[in-house]
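Novice: To be precise about what I am sending: the file is called data_38.txt and holds compact mmCIF, C-alpha atoms.
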```
# COMPACT_ATOMS: atom_id res chain seq x y z
CA MET C 1 23.64 -9.78 16.21
CA ALA C 2 24.16 -6.22 14.91
CA PHE C 3 20.61 -6.12 13.56
CA GLY C 4 19.25 -7.18 16.95
CA SER C 5 21.31 -4.48 18.64
CA MET C 6 19.93 -1.92 16.20
CA ILE C 7 16.35 -2.93 17.12
CA GLU C 8 17.17 -2.70 20.84
CA THR C 9 18.61 0.81 20.31
CA VAL C 10 15.40 1.87 18.54
CA ILE C 11 13.34 0.46 21.43
CA LYS C 12 15.27 2.44 24.04
CA SER C 13 15.04 5.69 22.10
CA SER C 14 11.44 5.49 20.83
CA PRO C 15 8.95 4.46 23.55
CA ALA C 16 5.97 5.68 21.49
CA PHE C 17 7.08 3.59 18.51
CA VAL C 18 7.51 0.54 20.75
CA ALA C 19 4.04 1.01 22.22
CA ALA C 20 2.60 1.24 18.69
CA CYS C 21 4.37 -2.01 17.73
CA GLY C 22 2.87 -3.74 20.75
CA GLN C 23 -0.61 -2.62 19.72
CA ALA C 24 -0.14 -3.51 16.04
CA ALA C 25 1.46 -6.94 16.50
CA PRO C 26 -1.75 -8.83 17.41
CA ILE C 27 -3.61 -7.23 14.49
CA VAL C 28 -0.93 -8.14 11.95
CA SER C 29 -0.82 -11.68 13.37
CA SER C 30 -4.47 -12.04 12.46
CA GLY C 31 -3.54 -11.09 8.90
CA VAL C 32 -0.92 -13.85 8.84
CA PHE C 33 -3.48 -16.39 10.06
CA LEU C 34 -5.92 -15.29 7.34
CA SER C 35 -3.35 -15.47 4.52
CA PRO C 36 -4.11 -19.14 3.62
CA VAL C 37 -7.80 -18.33 2.95
CA PRO C 38 -7.44 -18.01 -0.89
CA THR C 39 -5.54 -21.31 -1.06
CA VAL C 40 -8.12 -23.11 1.08
CA GLN C 41 -10.95 -21.62 -1.01
CA ASN C 42 -9.29 -23.06 -4.13
CA ILE C 43 -9.04 -26.45 -2.41
CA MET C 44 -12.74 -26.34 -1.58
CA ALA C 45 -13.67 -25.26 -5.11
CA ASP C 46 -11.51 -27.94 -6.78
CA GLN C 47 -12.30 -30.54 -4.10
CA ASP C 48 -8.66 -31.53 -4.39
CA VAL C 49 -5.45 -30.49 -2.62
CA GLY C 50 -3.23 -31.24 -5.60
CA LYS C 51 0.42 -31.33 -4.52
CA LEU C 52 -0.04 -28.97 -1.58
CA PRO C 53 1.39 -30.02 1.79
CA LEU C 54 -0.65 -30.35 4.97
CA LEU C 55 2.29 -29.30 7.16
CA PRO C 56 1.57 -25.52 7.11
CA TYR C 57 -1.90 -26.11 8.56
CA SER C 58 -1.02 -28.78 11.11
CA SER C 59 1.93 -26.69 12.32
CA MET C 60 -0.36 -23.63 12.50
CA VAL C 61 -2.73 -25.55 14.80
CA VAL C 62 0.13 -26.67 17.05
CA SER C 63 1.84 -23.28 17.11
CA ALA C 64 -1.38 -21.36 17.80
CA PHE C 65 -2.38 -23.76 20.61
CA LEU C 66 1.04 -23.52 22.25
CA TRP C 67 1.12 -19.71 22.10
CA THR C 68 -2.48 -19.42 23.27
CA SER C 69 -1.54 -21.58 26.26
CA TYR C 70 1.63 -19.57 26.84
CA GLY C 71 -0.26 -16.27 26.70
CA LEU C 72 -2.90 -17.50 29.14
CA LEU C 73 -0.24 -18.73 31.58
CA LYS C 74 1.62 -15.41 31.32
CA LYS C 75 -1.68 -13.48 31.46
CA ASP C 76 -0.72 -11.60 28.28
CA SER C 77 -3.78 -10.96 26.11
CA LYS C 78 -1.60 -9.61 23.29
CA VAL C 79 -0.24 -13.14 22.93
CA TRP C 80 -3.20 -15.42 23.63
CA ALA C 81 -5.96 -13.45 21.86
CA PRO C 82 -4.53 -13.44 18.29
CA ASN C 83 -3.31 -17.01 18.68
CA ALA C 84 -6.75 -18.18 19.82
CA PHE C 85 -8.03 -16.73 16.53
CA GLY C 86 -5.17 -18.49 14.72
CA LEU C 87 -6.12 -21.78 16.38
CA PHE C 88 -9.68 -21.41 15.08
CA CYS C 89 -8.37 -20.65 11.57
CA GLY C 90 -5.83 -23.48 11.63
CA ILE C 91 -8.41 -26.08 12.68
CA ASN C 92 -10.69 -24.95 9.86
CA TYR C 93 -7.87 -25.08 7.27
CA PHE C 94 -6.84 -28.52 8.52
CA TYR C 95 -10.40 -29.81 8.32
CA GLN C 96 -10.97 -28.52 4.79
CA PHE C 97 -7.62 -29.95 3.65
CA GLN C 98 -8.18 -33.46 5.01
CA LYS C 99 -11.76 -33.40 3.72
CA ASN C 100 -10.49 -32.92 0.15
CA CYS C 101 -7.36 -35.05 0.44
CA SER C 102 -7.01 -38.65 -0.70
CA VAL C 103 -6.80 -41.10 2.20
CA LYS C 104 -3.90 -42.71 0.35
CA ALA C 105 -1.80 -39.53 0.26
CA LYS C 106 1.60 -40.09 1.85
CA ASP C 107 3.58 -37.02 0.78
CA LEU C 108 1.98 -34.26 2.89
CA PRO C 109 4.72 -34.95 4.21
CA GLY C 110 3.51 -38.18 5.82
CA THR C 111 -0.17 -39.08 6.00
CA VAL C 112 -3.20 -37.22 7.36
CA SER C 113 -3.40 -39.65 10.29
CA GLN C 114 0.25 -39.00 11.15
CA HIS C 115 -0.41 -35.26 11.19
CA ILE C 116 -3.42 -35.79 13.45
CA GLN C 117 -1.32 -37.96 15.79
CA GLY C 118 1.54 -35.44 15.88
CA THR C 119 -0.78 -32.48 16.46
CA THR C 120 -2.63 -34.34 19.21
CA ALA C 121 0.65 -35.29 20.88
CA PHE C 122 1.85 -31.66 21.05
CA ILE C 123 -1.50 -30.46 22.40
CA ALA C 124 -1.65 -33.27 24.97
CA LEU C 125 1.89 -32.51 26.11
CA ALA C 126 1.11 -28.82 26.56
CA CYS C 127 -2.04 -29.65 28.57
CA LEU C 128 -0.08 -32.09 30.73
CA LEU C 129 2.62 -29.51 31.46
CA ALA C 130 0.05 -26.84 32.31
CA ALA C 131 -1.89 -29.21 34.58
CA THR C 132 1.00 -30.74 36.52
CA LEU C 133 3.68 -28.04 36.81
CA SER C 134 3.84 -24.60 38.34
CA VAL C 135 2.79 -21.70 36.13
CA GLU C 136 6.37 -20.45 35.82
CA VAL C 137 7.86 -23.82 34.84
CA ALA C 138 4.95 -24.78 32.57
CA SER C 139 4.99 -21.45 30.72
CA ASN C 140 8.74 -21.73 30.20
CA LEU C 141 8.55 -25.27 28.77
CA ILE C 142 5.50 -24.53 26.62
CA GLY C 143 7.27 -21.38 25.42
CA LYS C 144 10.29 -23.46 24.36
CA LEU C 145 8.00 -25.83 22.44
CA GLY C 146 6.40 -22.80 20.84
CA VAL C 147 9.81 -21.45 19.84
CA PHE C 148 10.65 -24.70 18.04
CA VAL C 149 7.34 -24.95 16.16
CA CYS C 150 7.33 -21.22 15.36
CA VAL C 151 10.79 -21.35 13.77
CA VAL C 152 9.77 -24.35 11.63
CA LEU C 153 6.58 -22.53 10.58
CA PHE C 154 8.35 -19.32 9.54
CA ALA C 155 11.21 -21.09 7.76
CA SER C 156 9.03 -23.60 5.87
CA PRO C 157 8.78 -21.52 2.63
CA LEU C 158 12.58 -21.79 2.29
CA VAL C 159 12.05 -25.48 1.51
CA ALA C 160 11.20 -24.27 -1.99
CA LEU C 161 14.65 -22.67 -2.36
CA LYS C 162 16.10 -25.61 -4.33
CA THR C 163 13.28 -25.40 -6.87
CA VAL C 164 13.66 -21.60 -7.07
CA ILE C 165 17.36 -21.93 -7.90
CA GLN C 166 16.77 -24.70 -10.45
CA THR C 167 13.93 -22.89 -12.23
CA LYS C 168 15.39 -19.39 -11.73
CA SER C 169 11.96 -18.19 -10.62
CA ALA C 170 10.63 -17.29 -7.16
CA LYS C 171 7.02 -17.84 -8.22
CA SER C 172 6.66 -20.63 -5.65
CA ILE C 173 7.35 -18.17 -2.77
CA PRO C 174 4.23 -16.03 -2.10
CA LEU C 175 5.20 -12.34 -1.93
CA PRO C 176 2.18 -11.11 0.10
CA PHE C 177 2.74 -13.77 2.78
CA THR C 178 6.47 -12.97 2.86
CA LEU C 179 5.86 -9.23 3.32
CA THR C 180 3.24 -9.89 6.01
CA CYS C 181 5.67 -12.19 7.84
CA ILE C 182 8.40 -9.52 7.72
CA LEU C 183 6.10 -6.97 9.33
CA ASN C 184 4.64 -9.48 11.81
CA CYS C 185 8.02 -10.81 12.96
CA PHE C 186 9.47 -7.30 13.25
CA LEU C 187 6.59 -6.13 15.46
CA TRP C 188 6.79 -9.19 17.73
CA THR C 189 10.58 -8.92 17.89
CA VAL C 190 10.25 -5.35 19.14
CA TYR C 191 7.54 -6.36 21.61
CA GLY C 192 9.56 -9.37 22.84
CA ILE C 193 12.64 -7.24 23.49
CA ASP C 194 10.54 -4.57 25.19
CA VAL C 195 8.96 -7.03 27.65
CA ARG C 196 12.23 -8.99 27.87
CA ASP C 197 10.63 -12.28 26.88
CA PHE C 198 13.11 -14.56 25.08
CA ASN C 199 10.37 -16.96 24.00
CA ILE C 200 8.68 -14.16 22.05
CA PHE C 201 11.77 -12.32 20.85
CA PHE C 202 13.95 -15.23 19.67
CA PRO C 203 11.63 -17.13 17.27
CA ASN C 204 10.29 -13.92 15.77
CA PHE C 205 13.80 -12.56 15.23
CA LEU C 206 14.74 -15.79 13.42
CA GLY C 207 11.45 -15.59 11.53
CA LEU C 208 12.31 -12.03 10.53
CA LEU C 209 15.67 -13.14 9.16
CA ALA C 210 14.04 -16.05 7.29
CA SER C 211 11.37 -13.76 5.81
CA LEU C 212 14.00 -11.21 4.73
CA ALA C 213 15.93 -14.05 3.09
CA GLN C 214 12.77 -15.09 1.21
CA PHE C 215 12.22 -11.49 0.11
CA GLY C 216 15.83 -11.31 -1.09
CA VAL C 217 15.31 -14.46 -3.15
CA ILE C 218 12.16 -12.96 -4.69
CA LEU C 219 14.03 -9.77 -5.60
CA PHE C 220 16.95 -11.71 -7.08
CA TYR C 221 15.02 -14.28 -9.13
CA GLY C 222 11.76 -12.40 -9.75
CA LYS C 223 8.34 -13.90 -10.40
CA GLY C 224 8.88 -14.83 -14.04
CA LYS C 225 7.77 -18.07 -15.66
CA PRO C 226 9.82 -20.94 -14.21
CA GLN C 227 12.28 -22.66 -16.51
CA GLN C 228 11.45 -26.33 -17.11
CA LEU C 229 13.50 -28.64 -14.93
CA PRO C 230 15.62 -31.22 -16.73
CA ILE C 231 14.13 -34.71 -16.64
```
Let's see the structure in the file written out as structure tokens.

Specialist:
Amino acid sequence: MAFGSMIETVIKSSPAFVAACGQAAPIVSSGVFLSPVPTVQNIMADQDVGKLPLLPYSSMVVSAFLWTSYGLLKKDSKVWAPNAFGLFCGINYFYQFQKNCSVKAKDLPGTVSQHIQGTTAFIALACLLAATLSVEVASNLIGKLGVFVCVVLFASPLVALKTVIQTKSAKSIPLPFTLTCILNCFLWTVYGIDVRDFNIFFPNFLGLLASLAQFGVILFYGKGKPQQLPI
């Protein structure tokens, strides 16, 4: 964890920088939540989702709801405010996707109804925990759920790694989203260490590593025309 130790050293020696990171993190998060807008606009224009997966949008809804709940329980507006915005965005993306998706689609992965059921289950579980447990216990458990979903969300672009290697092109990994994720995860990692919140620090640190790995793949393979895969 040498990289993590380096970040902690920076935090201890640069309080002004840490404060700036804490202020910038919610703003950059909003940029991450807005990054799917061009893709969703294309879906609306084509009235078809093509081969795109629904998972990024369903996981965004779940993640944003969990972190909004966590932020409210912890009374941390820097956490709940940007994620409330992300929840609004995610619901809109999800709606537009399912509206233009065939009811017979089964490779989203799974079906639209399965995504709705899974999303509803996570939200119901978070509400149940918040309603029946103490604030401390509920926030801890919801935070752990958020950690799991957040790691899956940040690492999801690496699913395309096999295709990247086979085609020798990183065109399937979006560079702007990758760069935004690097900045976003770095800022939240610094903030999480500063406030000593494992649930904020840990997933964002892993997300930072995953985003740096994606950036490394882009640098190595470039954005050239993919080679045709053998049939």

Novice: What's the 10 Å shell around Thr189 (chain C), counting only C-alpha atoms, without same-chain residues fewer than 4 positions away, as an mmCIF file with C-alpha atoms, keeping the file's coordinate frame?

Specialist:
```cif
data_model
loop_
_atom_site.group_PDB
_atom_site.id
_atom_site.type_symbol
_atom_site.label_atom_id
_atom_site.label_comp_id
_atom_site.auth_asym_id
_atom_site.auth_seq_id
_atom_site.Cartn_x
_atom_site.Cartn_y
_atom_site.Cartn_z
ATOM 1 C CA GLY C 4 19.250 -7.180 16.950
ATOM 2 C CA ILE C 7 16.350 -2.930 17.120
ATOM 3 C CA GLU C 8 17.170 -2.700 20.840
ATOM 4 C CA CYS C 21 4.370 -2.010 17.730
ATOM 5 C CA GLY C 22 2.870 -3.740 20.750
ATOM 6 C CA ALA C 25 1.460 -6.940 16.500
ATOM 7 C CA LEU C 183 6.100 -6.970 9.330
ATOM 8 C CA ASN C 184 4.640 -9.480 11.810
ATOM 9 C CA CYS C 185 8.020 -10.810 12.960
ATOM 10 C CA ILE C 193 12.640 -7.240 23.490
ATOM 11 C CA ASP C 194 10.540 -4.570 25.190
ATOM 12 C CA ASP C 197 10.630 -12.280 26.880
ATOM 13 C CA PHE C 198 13.110 -14.560 25.080
ATOM 14 C CA ILE C 200 8.680 -14.160 22.050
ATOM 15 C CA PHE C 201 11.770 -12.320 20.850
ATOM 16 C CA PHE C 202 13.950 -15.230 19.670
ATOM 17 C CA PRO C 203 11.630 -17.130 17.270
ATOM 18 C CA ASN C 204 10.290 -13.920 15.770
ATOM 19 C CA PHE C 205 13.800 -12.560 15.230
ATOM 20 C CA LEU C 206 14.740 -15.790 13.420
ATOM 21 C CA GLY C 207 11.450 -15.590 11.530
ATOM 22 C CA LEU C 208 12.310 -12.030 10.530
#
```

Novice: From the list C:Pro176, C:Gly146, C:Gly192, C:Gly86, which residue is nearest Ser30 (chain C) when using only C-alpha atoms?

Specialist: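 Of C:Pro176, C:Gly146, C:Gly192, C:Gly86, the one nearest Ser30 (chain C) is C:Gly86, counting only C-alpha atoms.
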
Novice: May I have the residues within 9 Å of region 149-154 of chain C as a PyMOL selection string, using only C-alpha atoms and disregarding those fewer than 3 positions away in the same chain?

Specialist: chain C and resi 55-56+59-60+62-63+66+144-146+157-158+181+203-204+206-208+210-211

Novice: May I have the residues at most 10 Å from (-2.9, -30.0, 1.8) in the file's coordinates, counting only C-alpha atoms, as a list in words?

Specialist: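 The answer, in the requested form, is Thr39, Val40, Ile43, Asp48, Val49, Gly50, Lys51, Leu52, Pro53, Leu54, Leu55, Pro56, Tyr57, Ser58, Tyr93, Phe94, Tyr95, Gln96, Phe97, Gln98, Lys99, Asn100, Cys101, Ser102, Ala105, Asp107, Leu108, Pro109 and Val112 of chain C.
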
Novice: Mind checking which residues fall within 8 Å of region 17-20 of chain C, counting all atoms listed in the file, ignoring those fewer than 4 positions away in the same chain, and posting them as a PDB file with C-alpha atoms, in the frame of the given file?

Specialist:
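And here is the file that came out, result_10.pdb:
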```
ATOM      1  CA  ILE C  11      13.340   0.460  21.430  1.00  0.00           C
ATOM      2  CA  ALA C  24      -0.140  -3.510  16.040  1.00  0.00           C
ATOM      3  CA  VAL C 190      10.250  -5.350  19.140  1.00  0.00           C
ATOM      4  CA  TYR C 191       7.540  -6.360  21.610  1.00  0.00           C
ATOM      5  CA  ASP C 194      10.540  -4.570  25.190  1.00  0.00           C
TER       6      ASP C 194
END
```

Novice: For Lys74 (chain C), which residue among C:Arg196, C:Ser139, C:Ala45, C:Leu34 is the nearest when counting only C-alpha atoms?

Specialist: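 Closest to Lys74 (chain C) of all the choices is C:Ser139.
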
Novice: Go through C:Gln166, C:Thr178, C:Asn199, C:Ser113 one by one, measure the shortest atom-to-atom distance of each to Ala213 (chain C) using all atoms listed in the file, and give the residue with the smallest value.

Specialist: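 Looking only at the distances to Ala213 (chain C), the closest residue turns out to be C:Thr178.
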
Novice: Which residue is closest to Phe215 (chain C)? Choose from C:Trp188, C:Ala131, C:Ile182, C:Val195 and count only C-alpha atoms.

Specialist: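 Smallest separation from Phe215 (chain C) among the options: C:Ile182.
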
Novice: Would you pick out the contacts of Ser69 (chain C) at 12 Å or less, using all atoms listed in the file, so that residues sharing its chain but fewer than 2 positions from it are not included, and give the list as an NGL selection string?

Specialist: :C and (62-67 or 71-77 or 79-84 or 87 or 122-131 or 135 or 138-143 or 145-146)

Novice: Output requested as an mmCIF file, keeping the file's coordinate frame - region 102-121 of chain C, filled out with N, CA and C atoms.

Specialist:
```cif
data_model
loop_
_atom_site.group_PDB
_atom_site.id
_atom_site.type_symbol
_atom_site.label_atom_id
_atom_site.label_comp_id
_atom_site.auth_asym_id
_atom_site.auth_seq_id
_atom_site.Cartn_x
_atom_site.Cartn_y
_atom_site.Cartn_z
ATOM 1 N N SER C 102 -6.901 -37.196 -0.563
ATOM 2 C CA SER C 102 -7.010 -38.650 -0.700
ATOM 3 C C SER C 102 -6.502 -39.350 0.566
ATOM 4 N N VAL C 103 -7.208 -40.362 0.996
ATOM 5 C CA VAL C 103 -6.800 -41.100 2.200
ATOM 6 C C VAL C 103 -5.495 -41.847 1.966
ATOM 7 N N LYS C 104 -5.131 -41.995 0.695
ATOM 8 C CA LYS C 104 -3.900 -42.710 0.350
ATOM 9 C C LYS C 104 -2.686 -41.795 0.252
ATOM 10 N N ALA C 105 -2.904 -40.487 0.387
ATOM 11 C CA ALA C 105 -1.800 -39.530 0.260
ATOM 12 C C ALA C 105 -0.749 -39.777 1.339
ATOM 13 N N LYS C 106 0.511 -39.808 0.914
ATOM 14 C CA LYS C 106 1.600 -40.090 1.850
ATOM 15 C C LYS C 106 2.743 -39.082 1.753
ATOM 16 N N ASP C 107 2.508 -37.997 0.999
ATOM 17 C CA ASP C 107 3.580 -37.020 0.780
ATOM 18 C C ASP C 107 3.148 -35.624 1.230
ATOM 19 N N LEU C 108 2.555 -35.540 2.425
ATOM 20 C CA LEU C 108 1.980 -34.260 2.890
ATOM 21 C C LEU C 108 2.893 -33.348 3.707
ATOM 22 N N PRO C 109 4.068 -33.639 4.174
ATOM 23 C CA PRO C 109 4.720 -34.950 4.210
ATOM 24 C C PRO C 109 4.046 -35.876 5.215
ATOM 25 N N GLY C 110 4.202 -37.207 4.993
ATOM 26 C CA GLY C 110 3.510 -38.180 5.820
ATOM 27 C C GLY C 110 2.050 -38.274 5.416
ATOM 28 N N THR C 111 1.254 -38.896 6.271
ATOM 29 C CA THR C 111 -0.170 -39.080 6.000
ATOM 30 C C THR C 111 -1.005 -38.151 6.877
ATOM 31 N N VAL C 112 -2.296 -38.045 6.566
ATOM 32 C CA VAL C 112 -3.200 -37.220 7.360
ATOM 33 C C VAL C 112 -3.251 -37.752 8.798
ATOM 34 N N SER C 113 -3.329 -39.067 8.948
ATOM 35 C CA SER C 113 -3.400 -39.650 10.290
ATOM 36 C C SER C 113 -2.147 -39.350 11.100
ATOM 37 N N GLN C 114 -0.992 -39.328 10.445
ATOM 38 C CA GLN C 114 0.250 -39.000 11.150
ATOM 39 C C GLN C 114 0.252 -37.543 11.607
ATOM 40 N N HIS C 115 -0.304 -36.663 10.795
ATOM 41 C CA HIS C 115 -0.410 -35.260 11.190
ATOM 42 C C HIS C 115 -1.361 -35.100 12.369
ATOM 43 N N ILE C 116 -2.467 -35.845 12.349
ATOM 44 C CA ILE C 116 -3.420 -35.790 13.450
ATOM 45 C C ILE C 116 -2.759 -36.300 14.739
ATOM 46 N N GLN C 117 -2.004 -37.389 14.624
ATOM 47 C CA GLN C 117 -1.320 -37.960 15.790
ATOM 48 C C GLN C 117 -0.280 -36.990 16.342
ATOM 49 N N GLY C 118 0.496 -36.381 15.445
ATOM 50 C CA GLY C 118 1.540 -35.440 15.880
ATOM 51 C C GLY C 118 0.936 -34.201 16.526
ATOM 52 N N THR C 119 -0.115 -33.664 15.905
ATOM 53 C CA THR C 119 -0.780 -32.480 16.460
ATOM 54 C C THR C 119 -1.372 -32.782 17.825
ATOM 55 N N THR C 120 -2.027 -33.933 17.938
ATOM 56 C CA THR C 120 -2.630 -34.340 19.210
ATOM 57 C C THR C 120 -1.574 -34.514 20.292
ATOM 58 N N ALA C 121 -0.420 -35.064 19.910
ATOM 59 C CA ALA C 121 0.650 -35.290 20.880
ATOM 60 C C ALA C 121 1.171 -33.975 21.453
#
```
